[in-house]
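For reference, coords10.pdb is printed below; it contains PDB, N, CA and C atoms.
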ATOM      1  N   MET A  93     -28.148-183.209 -34.678
ATOM      2  CA  MET A  93     -27.244-182.247 -35.264
ATOM      3  C   MET A  93     -25.958-182.931 -35.745
ATOM      4  N   ARG A  94     -25.436-183.826 -34.931
ATOM      5  CA  ARG A  94     -24.220-184.546 -35.275
ATOM      6  C   ARG A  94     -24.448-185.403 -36.522
ATOM      7  N   PHE A  95     -25.594-186.088 -36.601
ATOM      8  CA  PHE A  95     -25.931-186.916 -37.756
ATOM      9  C   PHE A  95     -25.993-186.068 -39.022
ATOM     10  N   LEU A  96     -26.592-184.898 -38.924
ATOM     11  CA  LEU A  96     -26.702-183.998 -40.076
ATOM     12  C   LEU A  96     -25.319-183.568 -40.558
ATOM     13  N   LEU A  97     -24.433-183.265 -39.641
ATOM     14  CA  LEU A  97     -23.074-182.862 -39.992
ATOM     15  C   LEU A  97     -22.323-183.993 -40.692
ATOM     16  N   ILE A  98     -22.423-185.191 -40.168
ATOM     17  CA  ILE A  98     -21.757-186.348 -40.767
ATOM     18  C   ILE A  98     -22.350-186.653 -42.141
ATOM     19  N   SER A  99     -23.658-186.591 -42.266
ATOM     20  CA  SER A  99     -24.316-186.845 -43.558
ATOM     21  C   SER A  99     -23.883-185.832 -44.602
ATOM     22  N   THR A 100     -23.807-184.577 -44.228
ATOM     23  CA  THR A 100     -23.381-183.529 -45.152
ATOM     24  C   THR A 100     -21.937-183.753 -45.588
ATOM     25  N   LEU A 101     -21.094-184.106 -44.642
ATOM     26  CA  LEU A 101     -19.693-184.378 -44.954
ATOM     27  C   LEU A 101     -19.561-185.545 -45.932
ATOM     28  N   LEU A 102     -20.305-186.617 -45.719
ATOM     29  CA  LEU A 102     -20.256-187.776 -46.616
ATOM     30  C   LEU A 102     -20.761-187.426 -48.004
ATOM     31  N   LEU A 103     -21.827-186.668 -48.094
ATOM     32  CA  LEU A 103     -22.346-186.265 -49.403
ATOM     33  C   LEU A 103     -21.355-185.379 -50.140
ATOM     34  N   ALA A 104     -20.721-184.490 -49.422
ATOM     35  CA  ALA A 104     -19.722-183.626 -50.045
ATOM     36  C   ALA A 104     -18.525-184.443 -50.530
ATOM     37  N   THR A 105     -18.136-185.430 -49.772
ATOM     38  CA  THR A 105     -17.010-186.285 -50.140
ATOM     39  C   THR A 105     -17.311-187.081 -51.399
ATOM     40  N   THR A 106     -18.531-187.592 -51.548
ATOM     41  CA  THR A 106     -18.860-188.403 -52.717
ATOM     42  C   THR A 106     -18.949-187.558 -53.970
ATOM     43  N   ALA A 107     -19.188-186.274 -53.838
ATOM     44  CA  ALA A 107     -19.296-185.406 -55.004
ATOM     45  C   ALA A 107     -17.935-184.968 -55.519
ATOM     46  N   CYS A 108     -16.898-185.114 -54.718
ATOM     47  CA  CYS A 108     -15.565-184.654 -55.096
ATOM     48  C   CYS A 108     -14.892-185.618 -56.064
ATOM     49  N   THR A 109     -14.167-185.047 -56.998
ATOM     50  CA  THR A 109     -13.268-185.839 -57.828
ATOM     51  C   THR A 109     -11.878-185.567 -57.297
ATOM     52  N   TRP A 110     -11.230-186.578 -56.813
ATOM     53  CA  TRP A 110      -9.940-186.425 -56.168
ATOM     54  C   TRP A 110      -8.796-186.528 -57.157
ATOM     55  N   VAL A 111      -9.070-186.929 -58.386
ATOM     56  CA  VAL A 111      -8.007-187.149 -59.359
ATOM     57  C   VAL A 111      -8.180-186.182 -60.531
ATOM     58  N   PRO A 112      -7.336-185.167 -60.630
ATOM     59  CA  PRO A 112      -7.428-184.236 -61.759
ATOM     60  C   PRO A 112      -6.742-184.817 -62.996
ATOM     61  N   ILE A 113      -7.242-184.478 -64.165
ATOM     62  CA  ILE A 113      -6.609-184.899 -65.413
ATOM     63  C   ILE A 113      -5.407-183.983 -65.657
ATOM     64  N   GLU A 114      -4.262-184.564 -65.979
ATOM     65  CA  GLU A 114      -3.060-183.792 -66.281
ATOM     66  C   GLU A 114      -3.073-183.409 -67.753
ATOM     67  N   SER A 115      -2.296-182.429 -68.125
ATOM     68  CA  SER A 115      -2.289-181.976 -69.516
ATOM     69  C   SER A 115      -1.894-183.096 -70.475
ATOM     70  N   SER A 116      -0.940-183.935 -70.084
ATOM     71  CA  SER A 116      -0.529-185.048 -70.953
ATOM     72  C   SER A 116      -1.622-186.113 -71.054
ATOM     73  N   GLY A 117      -2.429-186.259 -70.029
ATOM     74  CA  GLY A 117      -3.506-187.242 -70.036
ATOM     75  C   GLY A 117      -4.699-186.828 -70.883
ATOM     76  N   LYS A 118      -4.824-185.534 -71.160
ATOM     77  CA  LYS A 118      -5.968-185.040 -71.943
ATOM     78  C   LYS A 118      -5.965-185.572 -73.371
ATOM     79  N   THR A 119      -4.790-185.940 -73.885
ATOM     80  CA  THR A 119      -4.700-186.433 -75.258
ATOM     81  C   THR A 119      -4.875-187.947 -75.355
ATOM     82  N   VAL A 120      -4.950-188.607 -74.208
ATOM     83  CA  VAL A 120      -5.084-190.071 -74.179
ATOM     84  C   VAL A 120      -6.560-190.435 -74.224
ATOM     85  N   ARG A 121      -6.910-191.334 -75.119
ATOM     86  CA  ARG A 121      -8.311-191.759 -75.195
ATOM     87  C   ARG A 121      -8.512-193.100 -74.511
ATOM     88  N   VAL A 122      -9.741-193.309 -74.076
ATOM     89  CA  VAL A 122     -10.118-194.564 -73.432
ATOM     90  C   VAL A 122     -10.876-195.382 -74.470
ATOM     91  N   LEU A 123     -10.321-196.547 -74.809
ATOM     92  CA  LEU A 123     -10.948-197.416 -75.802
ATOM     93  C   LEU A 123     -12.038-198.253 -75.146
ATOM     94  N   ALA A 124     -13.101-198.485 -75.882
ATOM     95  CA  ALA A 124     -14.195-199.323 -75.395
ATOM     96  C   ALA A 124     -13.710-200.767 -75.263
ATOM     97  N   PRO A 125     -14.332-201.524 -74.367
ATOM     98  CA  PRO A 125     -13.961-202.945 -74.249
ATOM     99  C   PRO A 125     -14.167-203.665 -75.577
ATOM    100  N   GLY A 126     -13.384-204.689 -75.803
ATOM    101  CA  GLY A 126     -13.511-205.460 -77.042
ATOM    102  C   GLY A 126     -12.233-205.424 -77.839
ATOM    103  N   ALA A 127     -12.395-205.520 -79.134
ATOM    104  CA  ALA A 127     -11.237-205.563 -80.025
ATOM    105  C   ALA A 127     -10.523-204.216 -80.052
ATOM    106  N   VAL A 128      -9.212-204.270 -80.172
ATOM    107  CA  VAL A 128      -8.402-203.059 -80.272
ATOM    108  C   VAL A 128      -8.471-202.569 -81.715
ATOM    109  N   PRO A 129      -8.631-201.267 -81.925
ATOM    110  CA  PRO A 129      -8.683-200.745 -83.302
ATOM    111  C   PRO A 129      -7.440-201.116 -84.104
ATOM    112  N   ALA A 130      -7.614-201.281 -85.388
ATOM    113  CA  ALA A 130      -6.514-201.634 -86.288
ATOM    114  C   ALA A 130      -5.425-200.571 -86.230
ATOM    115  N   GLY A 131      -4.195-201.015 -86.271
ATOM    116  CA  GLY A 131      -3.060-200.112 -86.298
ATOM    117  C   GLY A 131      -2.522-199.735 -84.930
ATOM    118  N   CYS A 132      -3.165-200.159 -83.864
ATOM    119  CA  CYS A 132      -2.700-199.843 -82.504
ATOM    120  C   CYS A 132      -1.628-200.845 -82.077
ATOM    121  N   LEU A 133      -0.566-200.342 -81.487
ATOM    122  CA  LEU A 133       0.525-201.181 -81.000
ATOM    123  C   LEU A 133       0.479-201.254 -79.479
ATOM    124  N   THR A 134       0.625-202.454 -78.943
ATOM    125  CA  THR A 134       0.627-202.642 -77.496
ATOM    126  C   THR A 134       1.898-202.054 -76.898
ATOM    127  N   LYS A 135       1.739-201.244 -75.860
ATOM    128  CA  LYS A 135       2.867-200.615 -75.184
ATOM    129  C   LYS A 135       3.050-201.127 -73.762
ATOM    130  N   GLY A 136       2.162-201.995 -73.311
ATOM    131  CA  GLY A 136       2.285-202.539 -71.967
ATOM    132  C   GLY A 136       1.007-202.404 -71.174
ATOM    133  N   GLU A 137       1.153-202.369 -69.860
ATOM    134  CA  GLU A 137       0.010-202.262 -68.961
ATOM    135  C   GLU A 137       0.213-201.128 -67.982
ATOM    136  N   VAL A 138      -0.907-200.589 -67.549
ATOM    137  CA  VAL A 138      -0.925-199.555 -66.525
ATOM    138  C   VAL A 138      -1.856-200.060 -65.434
ATOM    139  N   VAL A 139      -1.367-200.088 -64.202
ATOM    140  CA  VAL A 139      -2.194-200.491 -63.065
ATOM    141  C   VAL A 139      -2.346-199.271 -62.161
ATOM    142  N   VAL A 140      -3.593-198.915 -61.871
ATOM    143  CA  VAL A 140      -3.867-197.726 -61.072
ATOM    144  C   VAL A 140      -4.754-198.074 -59.884
ATOM    145  N   THR A 141      -4.660-197.253 -58.844
ATOM    146  CA  THR A 141      -5.407-197.491 -57.621
ATOM    147  C   THR A 141      -5.900-196.176 -57.032
ATOM    148  N   VAL A 142      -7.142-196.176 -56.537
ATOM    149  CA  VAL A 142      -7.704-195.047 -55.794
ATOM    150  C   VAL A 142      -8.400-195.593 -54.553
ATOM    151  N   LYS A 143      -8.760-194.710 -53.655
ATOM    152  CA  LYS A 143      -9.518-195.117 -52.474
ATOM    153  C   LYS A 143     -10.946-195.448 -52.899
ATOM    154  N   SER A 144     -11.386-196.666 -52.628
ATOM    155  CA  SER A 144     -12.762-197.045 -52.932
ATOM    156  C   SER A 144     -13.635-196.980 -51.687
ATOM    157  N   LYS A 145     -12.975-196.767 -50.552
ATOM    158  CA  LYS A 145     -13.667-196.730 -49.269
ATOM    159  C   LYS A 145     -13.062-195.615 -48.425
ATOM    160  N   VAL A 146     -13.913-194.836 -47.778
ATOM    161  CA  VAL A 146     -13.464-193.797 -46.864
ATOM    162  C   VAL A 146     -14.029-194.163 -45.503
ATOM    163  N   GLY A 147     -13.173-194.656 -44.635
ATOM    164  CA  GLY A 147     -13.649-195.153 -43.343
ATOM    165  C   GLY A 147     -14.542-196.361 -43.557
ATOM    166  N   PHE A 148     -15.750-196.274 -43.076
ATOM    167  CA  PHE A 148     -16.715-197.361 -43.247
ATOM    168  C   PHE A 148     -17.594-197.154 -44.471
ATOM    169  N   TYR A 149     -17.395-196.055 -45.182
ATOM    170  CA  TYR A 149     -18.261-195.681 -46.304
ATOM    171  C   TYR A 149     -17.658-196.122 -47.634
ATOM    172  N   ASN A 150     -18.411-196.885 -48.426
ATOM    173  CA  ASN A 150     -17.993-197.256 -49.781
ATOM    174  C   ASN A 150     -18.306-196.109 -50.724
ATOM    175  N   ARG A 151     -17.317-195.663 -51.478
ATOM    176  CA  ARG A 151     -17.522-194.576 -52.434
ATOM    177  C   ARG A 151     -18.351-195.047 -53.617
ATOM    178  N   ASN A 152     -18.945-194.111 -54.314
ATOM    179  CA  ASN A 152     -19.750-194.398 -55.493
ATOM    180  C   ASN A 152     -18.886-195.139 -56.521
ATOM    181  N   PRO A 153     -19.295-196.351 -56.938
ATOM    182  CA  PRO A 153     -18.487-197.143 -57.879
ATOM    183  C   PRO A 153     -18.247-196.437 -59.219
ATOM    184  N   LEU A 154     -19.195-195.647 -59.687
ATOM    185  CA  LEU A 154     -18.997-194.920 -60.947
ATOM    186  C   LEU A 154     -17.932-193.843 -60.797
ATOM    187  N   ARG A 155     -17.924-193.179 -59.664
ATOM    188  CA  ARG A 155     -16.911-192.150 -59.397
ATOM    189  C   ARG A 155     -15.532-192.806 -59.298
ATOM    190  N   VAL A 156     -15.459-193.946 -58.635
ATOM    191  CA  VAL A 156     -14.189-194.670 -58.514
ATOM    192  C   VAL A 156     -13.689-195.075 -59.897
ATOM    193  N   GLN A 157     -14.570-195.610 -60.726
ATOM    194  CA  GLN A 157     -14.185-196.028 -62.075
ATOM    195  C   GLN A 157     -13.717-194.829 -62.905
ATOM    196  N   GLU A 158     -14.401-193.717 -62.772
ATOM    197  CA  GLU A 158     -14.022-192.501 -63.490
ATOM    198  C   GLU A 158     -12.612-192.050 -63.083
ATOM    199  N   GLU A 159     -12.330-192.105 -61.800
ATOM    200  CA  GLU A 159     -11.013-191.711 -61.312
ATOM    201  C   GLU A 159      -9.928-192.692 -61.750
ATOM    202  N   LEU A 160     -10.257-193.968 -61.805
ATOM    203  CA  LEU A 160      -9.294-194.964 -62.290
ATOM    204  C   LEU A 160      -8.946-194.696 -63.753
ATOM    205  N   GLU A 161      -9.947-194.379 -64.560
ATOM    206  CA  GLU A 161      -9.701-194.052 -65.970
ATOM    207  C   GLU A 161      -8.836-192.803 -66.093
ATOM    208  N   THR A 162      -9.114-191.801 -65.263
ATOM    209  CA  THR A 162      -8.316-190.576 -65.293
ATOM    210  C   THR A 162      -6.863-190.864 -64.935
ATOM    211  N   LEU A 163      -6.656-191.662 -63.905
ATOM    212  CA  LEU A 163      -5.279-192.040 -63.527
ATOM    213  C   LEU A 163      -4.589-192.807 -64.646
ATOM    214  N   ALA A 164      -5.306-193.725 -65.279
ATOM    215  CA  ALA A 164      -4.724-194.499 -66.387
ATOM    216  C   ALA A 164      -4.347-193.567 -67.537
ATOM    217  N   ARG A 165      -5.204-192.599 -67.829
ATOM    218  CA  ARG A 165      -4.889-191.628 -68.880
ATOM    219  C   ARG A 165      -3.656-190.809 -68.513
ATOM    220  N   ASN A 166      -3.542-190.437 -67.245
ATOM    221  CA  ASN A 166      -2.379-189.663 -66.795
ATOM    222  C   ASN A 166      -1.085-190.473 -66.886
ATOM    223  N   GLU A 167      -1.163-191.782 -66.675
ATOM    224  CA  GLU A 167       0.017-192.650 -66.677
ATOM    225  C   GLU A 167       0.413-193.121 -68.081
ATOM    226  N   ALA A 168      -0.511-193.160 -69.010
ATOM    227  CA  ALA A 168      -0.263-193.713 -70.348
ATOM    228  C   ALA A 168       0.923-193.072 -71.071
ATOM    229  N   PRO A 169       1.070-191.748 -71.085
ATOM    230  CA  PRO A 169       2.197-191.161 -71.815
ATOM    231  C   PRO A 169       3.560-191.648 -71.322
ATOM    232  N   SER A 170       3.688-191.972 -70.044
ATOM    233  CA  SER A 170       4.973-192.466 -69.539
ATOM    234  C   SER A 170       5.296-193.859 -70.084
ATOM    235  N   ALA A 171       4.275-194.555 -70.605
ATOM    236  CA  ALA A 171       4.478-195.860 -71.232
ATOM    237  C   ALA A 171       4.580-195.723 -72.756
ATOM    238  N   GLY A 172       4.558-194.492 -73.253
ATOM    239  CA  GLY A 172       4.608-194.265 -74.692
ATOM    240  C   GLY A 172       3.290-194.560 -75.370
ATOM    241  N   ALA A 173       2.193-194.442 -74.630
ATOM    242  CA  ALA A 173       0.867-194.781 -75.155
ATOM    243  C   ALA A 173      -0.006-193.541 -75.280
ATOM    244  N   ASN A 174      -0.945-193.609 -76.232
ATOM    245  CA  ASN A 174      -1.919-192.535 -76.382
ATOM    246  C   ASN A 174      -3.354-193.051 -76.252
ATOM    247  N   ALA A 175      -3.502-194.300 -75.807
ATOM    248  CA  ALA A 175      -4.825-194.894 -75.597
ATOM    249  C   ALA A 175      -4.714-195.976 -74.525
ATOM    250  N   VAL A 176      -5.791-196.140 -73.762
ATOM    251  CA  VAL A 176      -5.860-197.196 -72.753
ATOM    252  C   VAL A 176      -7.188-197.931 -72.905
ATOM    253  N   GLN A 177      -7.183-199.181 -72.476
ATOM    254  CA  GLN A 177      -8.389-200.012 -72.520
ATOM    255  C   GLN A 177      -8.400-200.875 -71.260
ATOM    256  N   ALA A 178      -9.525-200.875 -70.567
ATOM    257  CA  ALA A 178      -9.628-201.682 -69.346
ATOM    258  C   ALA A 178      -9.371-203.141 -69.688
ATOM    259  N   ALA A 179      -8.452-203.752 -68.945
ATOM    260  CA  ALA A 179      -8.139-205.167 -69.141
ATOM    261  C   ALA A 179      -8.940-206.040 -68.188
ATOM    262  N   ALA A 180      -9.482-205.416 -67.155
ATOM    263  CA  ALA A 180     -10.287-206.124 -66.155
ATOM    264  C   ALA A 180     -11.168-205.090 -65.462
ATOM    265  N   PRO A 181     -12.265-205.527 -64.859
ATOM    266  CA  PRO A 181     -13.102-204.566 -64.128
ATOM    267  C   PRO A 181     -12.410-204.097 -62.855
ATOM    268  N   PRO A 182     -12.819-202.945 -62.326
ATOM    269  CA  PRO A 182     -12.227-202.467 -61.078
ATOM    270  C   PRO A 182     -12.491-203.441 -59.933
ATOM    271  N   ALA A 183     -11.527-203.555 -59.034
ATOM    272  CA  ALA A 183     -11.674-204.413 -57.856
ATOM    273  C   ALA A 183     -10.960-203.751 -56.682
ATOM    274  N   ASP A 184     -11.692-203.448 -55.644
ATOM    275  CA  ASP A 184     -11.137-202.838 -54.434
ATOM    276  C   ASP A 184     -10.335-201.578 -54.730
ATOM    277  N   GLY A 185     -10.825-200.763 -55.662
ATOM    278  CA  GLY A 185     -10.163-199.501 -55.967
ATOM    279  C   GLY A 185      -8.964-199.613 -56.874
ATOM    280  N   SER A 186      -8.752-200.763 -57.484
ATOM    281  CA  SER A 186      -7.617-200.975 -58.370
ATOM    282  C   SER A 186      -8.112-201.486 -59.717
ATOM    283  N   GLN A 187      -7.412-201.131 -60.787
ATOM    284  CA  GLN A 187      -7.795-201.611 -62.115
ATOM    285  C   GLN A 187      -6.568-201.673 -63.013
ATOM    286  N   ARG A 188      -6.572-202.661 -63.885
ATOM    287  CA  ARG A 188      -5.491-202.885 -64.845
ATOM    288  C   ARG A 188      -5.976-202.430 -66.228
ATOM    289  N   PHE A 189      -5.136-201.670 -66.923
ATOM    290  CA  PHE A 189      -5.450-201.184 -68.262
ATOM    291  C   PHE A 189      -4.338-201.600 -69.207
ATOM    292  N   ALA A 190      -4.704-201.965 -70.426
ATOM    293  CA  ALA A 190      -3.718-202.176 -71.498
ATOM    294  C   ALA A 190      -3.431-200.807 -72.095
ATOM    295  N   ALA A 191      -2.168-200.548 -72.420
ATOM    296  CA  ALA A 191      -1.760-199.271 -72.995
ATOM    297  C   ALA A 191      -1.370-199.485 -74.464
ATOM    298  N   PHE A 192      -1.825-198.578 -75.329
ATOM    299  CA  PHE A 192      -1.594-198.710 -76.774
ATOM    300  C   PHE A 192      -1.122-197.391 -77.364
ATOM    301  N   GLN A 193      -0.354-197.514 -78.452
ATOM    302  CA  GLN A 193      -0.029-196.362 -79.297
ATOM    303  C   GLN A 193      -0.857-196.548 -80.559
ATOM    304  N   CYS A 194      -1.838-195.685 -80.746
ATOM    305  CA  CYS A 194      -2.760-195.804 -81.888
ATOM    306  C   CYS A 194      -2.538-194.645 -82.850
ATOM    307  N   PRO A 195      -2.820-194.888 -84.139
ATOM    308  CA  PRO A 195      -2.700-193.787 -85.101
ATOM    309  C   PRO A 195      -3.750-192.716 -84.787
ATOM    310  N   PRO A 196      -3.479-191.480 -85.166
ATOM    311  CA  PRO A 196      -4.461-190.415 -84.925
ATOM    312  C   PRO A 196      -5.785-190.735 -85.610
ATOM    313  N   ARG A 197      -6.853-190.294 -84.993
ATOM    314  CA  ARG A 197      -8.168-190.565 -85.595
ATOM    315  C   ARG A 197      -8.493-189.560 -86.651
TER     316      ARG A 197
END
In structure tokens, write the structure found in this file.
Amino acid sequence: MRFLLISTLLLATTACTWVPIESSGKTVRVLAPGAVPAGCLTKGEVVVTVKSKVGFYNRNPLRVQEELETLARNEAPSAGANAVQAAAPPADGSQRFAAFQCPPR
């Protein structure tokens, strides 16, 4: 019974998204890795962090990456940016993003 309760709790935890998108972050796009589109100006970097581990349990890496992107989108407007691009892969729940001001699509 105890194992079932713990298993259910862990499954419920992995399904949760702990990072909501803010209204200002909804307008920020995530650029694909590679070359930056023409006309985009570099505005700096955004470094974000989420929990990648809960106790002894490693969270789903895709969920962690999704939350890191959401946090980067939420932070971009404070840097004067409307686009972010991963500058490095996630590591231990942290990721660095380049922030850009790009012309409207």
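The residue that comes closest to A:Thr134, out of A:Gly172, A:Pro112, A:Pro153, A:Pro182 and on the basis of only N, CA and C atoms, is A:Gly172.
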Non-local contacts of A:Val122 (8 Å; all atoms listed in the file; under 5 positions in same chain excluded) as a PDB file with N, CA and C atoms, keeping the file's coordinate frame:
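Output (around25.pdb):
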ATOM      1  N   GLU A 161      -9.947-194.379 -64.560  1.00  0.00           N
ATOM      2  CA  GLU A 161      -9.701-194.052 -65.970  1.00  0.00           C
ATOM      3  C   GLU A 161      -8.836-192.803 -66.093  1.00  0.00           C
ATOM      4  N   ARG A 165      -5.204-192.599 -67.829  1.00  0.00           N
ATOM      5  CA  ARG A 165      -4.889-191.628 -68.880  1.00  0.00           C
ATOM      6  C   ARG A 165      -3.656-190.809 -68.513  1.00  0.00           C
ATOM      7  N   ASN A 174      -0.945-193.609 -76.232  1.00  0.00           N
ATOM      8  CA  ASN A 174      -1.919-192.535 -76.382  1.00  0.00           C
ATOM      9  C   ASN A 174      -3.354-193.051 -76.252  1.00  0.00           C
ATOM     10  N   ALA A 175      -3.502-194.300 -75.807  1.00  0.00           N
ATOM     11  CA  ALA A 175      -4.825-194.894 -75.597  1.00  0.00           C
ATOM     12  C   ALA A 175      -4.714-195.976 -74.525  1.00  0.00           C
ATOM     13  N   VAL A 176      -5.791-196.140 -73.762  1.00  0.00           N
ATOM     14  CA  VAL A 176      -5.860-197.196 -72.753  1.00  0.00           C
ATOM     15  C   VAL A 176      -7.188-197.931 -72.905  1.00  0.00           C
ATOM     16  N   GLN A 177      -7.183-199.181 -72.476  1.00  0.00           N
ATOM     17  CA  GLN A 177      -8.389-200.012 -72.520  1.00  0.00           C
ATOM     18  C   GLN A 177      -8.400-200.875 -71.260  1.00  0.00           C
ATOM     19  N   ALA A 178      -9.525-200.875 -70.567  1.00  0.00           N
ATOM     20  CA  ALA A 178      -9.628-201.682 -69.346  1.00  0.00           C
ATOM     21  C   ALA A 178      -9.371-203.141 -69.688  1.00  0.00           C
TER      22      ALA A 178
END
- [ ] Apply the PyMOL selection byres ((chain A and resi 131) around 6.5) to the displayed file and report the matching residues as a ChimeraX atom specification.
- [x] /A:128-130,132-133,193-195
I need the output of the PyMOL selection byres ((chain A and resi 137) around 6) for this file as a CSV table (one decimal) with N, CA and C atoms, keeping the file's coordinate frame; which residues are they?
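Output contents, as saved in selection29.csv:
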chain,number,residue,atom,x,y,z
A,135,LYS,N,1.7,-201.2,-75.9
A,135,LYS,CA,2.9,-200.6,-75.2
A,135,LYS,C,3.0,-201.1,-73.8
A,136,GLY,N,2.2,-202.0,-73.3
A,136,GLY,CA,2.3,-202.5,-72.0
A,136,GLY,C,1.0,-202.4,-71.2
A,138,VAL,N,-0.9,-200.6,-67.5
A,138,VAL,CA,-0.9,-199.6,-66.5
A,138,VAL,C,-1.9,-200.1,-65.4
A,139,VAL,N,-1.4,-200.1,-64.2
A,139,VAL,CA,-2.2,-200.5,-63.1
A,139,VAL,C,-2.3,-199.3,-62.2
A,189,PHE,N,-5.1,-201.7,-66.9
A,189,PHE,CA,-5.4,-201.2,-68.3
A,189,PHE,C,-4.3,-201.6,-69.2
A,190,ALA,N,-4.7,-202.0,-70.4
A,190,ALA,CA,-3.7,-202.2,-71.5
A,190,ALA,C,-3.4,-200.8,-72.1
A,191,ALA,N,-2.2,-200.5,-72.4
A,191,ALA,CA,-1.8,-199.3,-73.0
A,191,ALA,C,-1.4,-199.5,-74.5
TODO: Tell me, in Å to one decimal, how far atom N of A:Ala124 is from atom CA of A:Asn152.
DONE: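 These atoms are spaced 21.8 Å apart.
Distance annotation: of A:Leu154, A:Ala127, A:Ile113, A:Ala173, the residue with the minimal separation from A:Pro196 is A:Ala173; atom set is only C-alpha atoms.
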TODO: Determine the nearest neighbour of A:Val120 from the options A:Ala171, A:Val146, A:Ala179, A:Ala164, counting all atoms listed in the file.
DONE: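 Among A:Ala171, A:Val146, A:Ala179, A:Ala164, it is A:Ala164 that comes nearest to A:Val120.
In this structure, atom N of A:Gly126 sits 19.6 Å away from atom CA of A:Glu159.
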Task: Gap from atom C of A:Ser115 to atom N of A:Arg151 - Å, one decimal - done: 27.5 Å
- [ ] For the structure provided, state which residues fall under the PyMOL selection byres (((chain A and resi 185 and name CA) around 9) and name CA), and present them as a PyMOL selection string.
- [x] chain A and resi 140-145+153+156-157+160+182-184+186-187
Open item on the list: Just list as number ranges by chain whatever in stretch 141-190 of chain A DSSP marks as strand (DSSP E).
Closed with: A: 141, 145-146, 149-150, 175-178, 186-190
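Of the listed residues (A:Leu123, A:Asn166, A:Arg155, A:Ala180), A:Leu123 comes nearest to A:Phe192; the distances count only C-alpha atoms.
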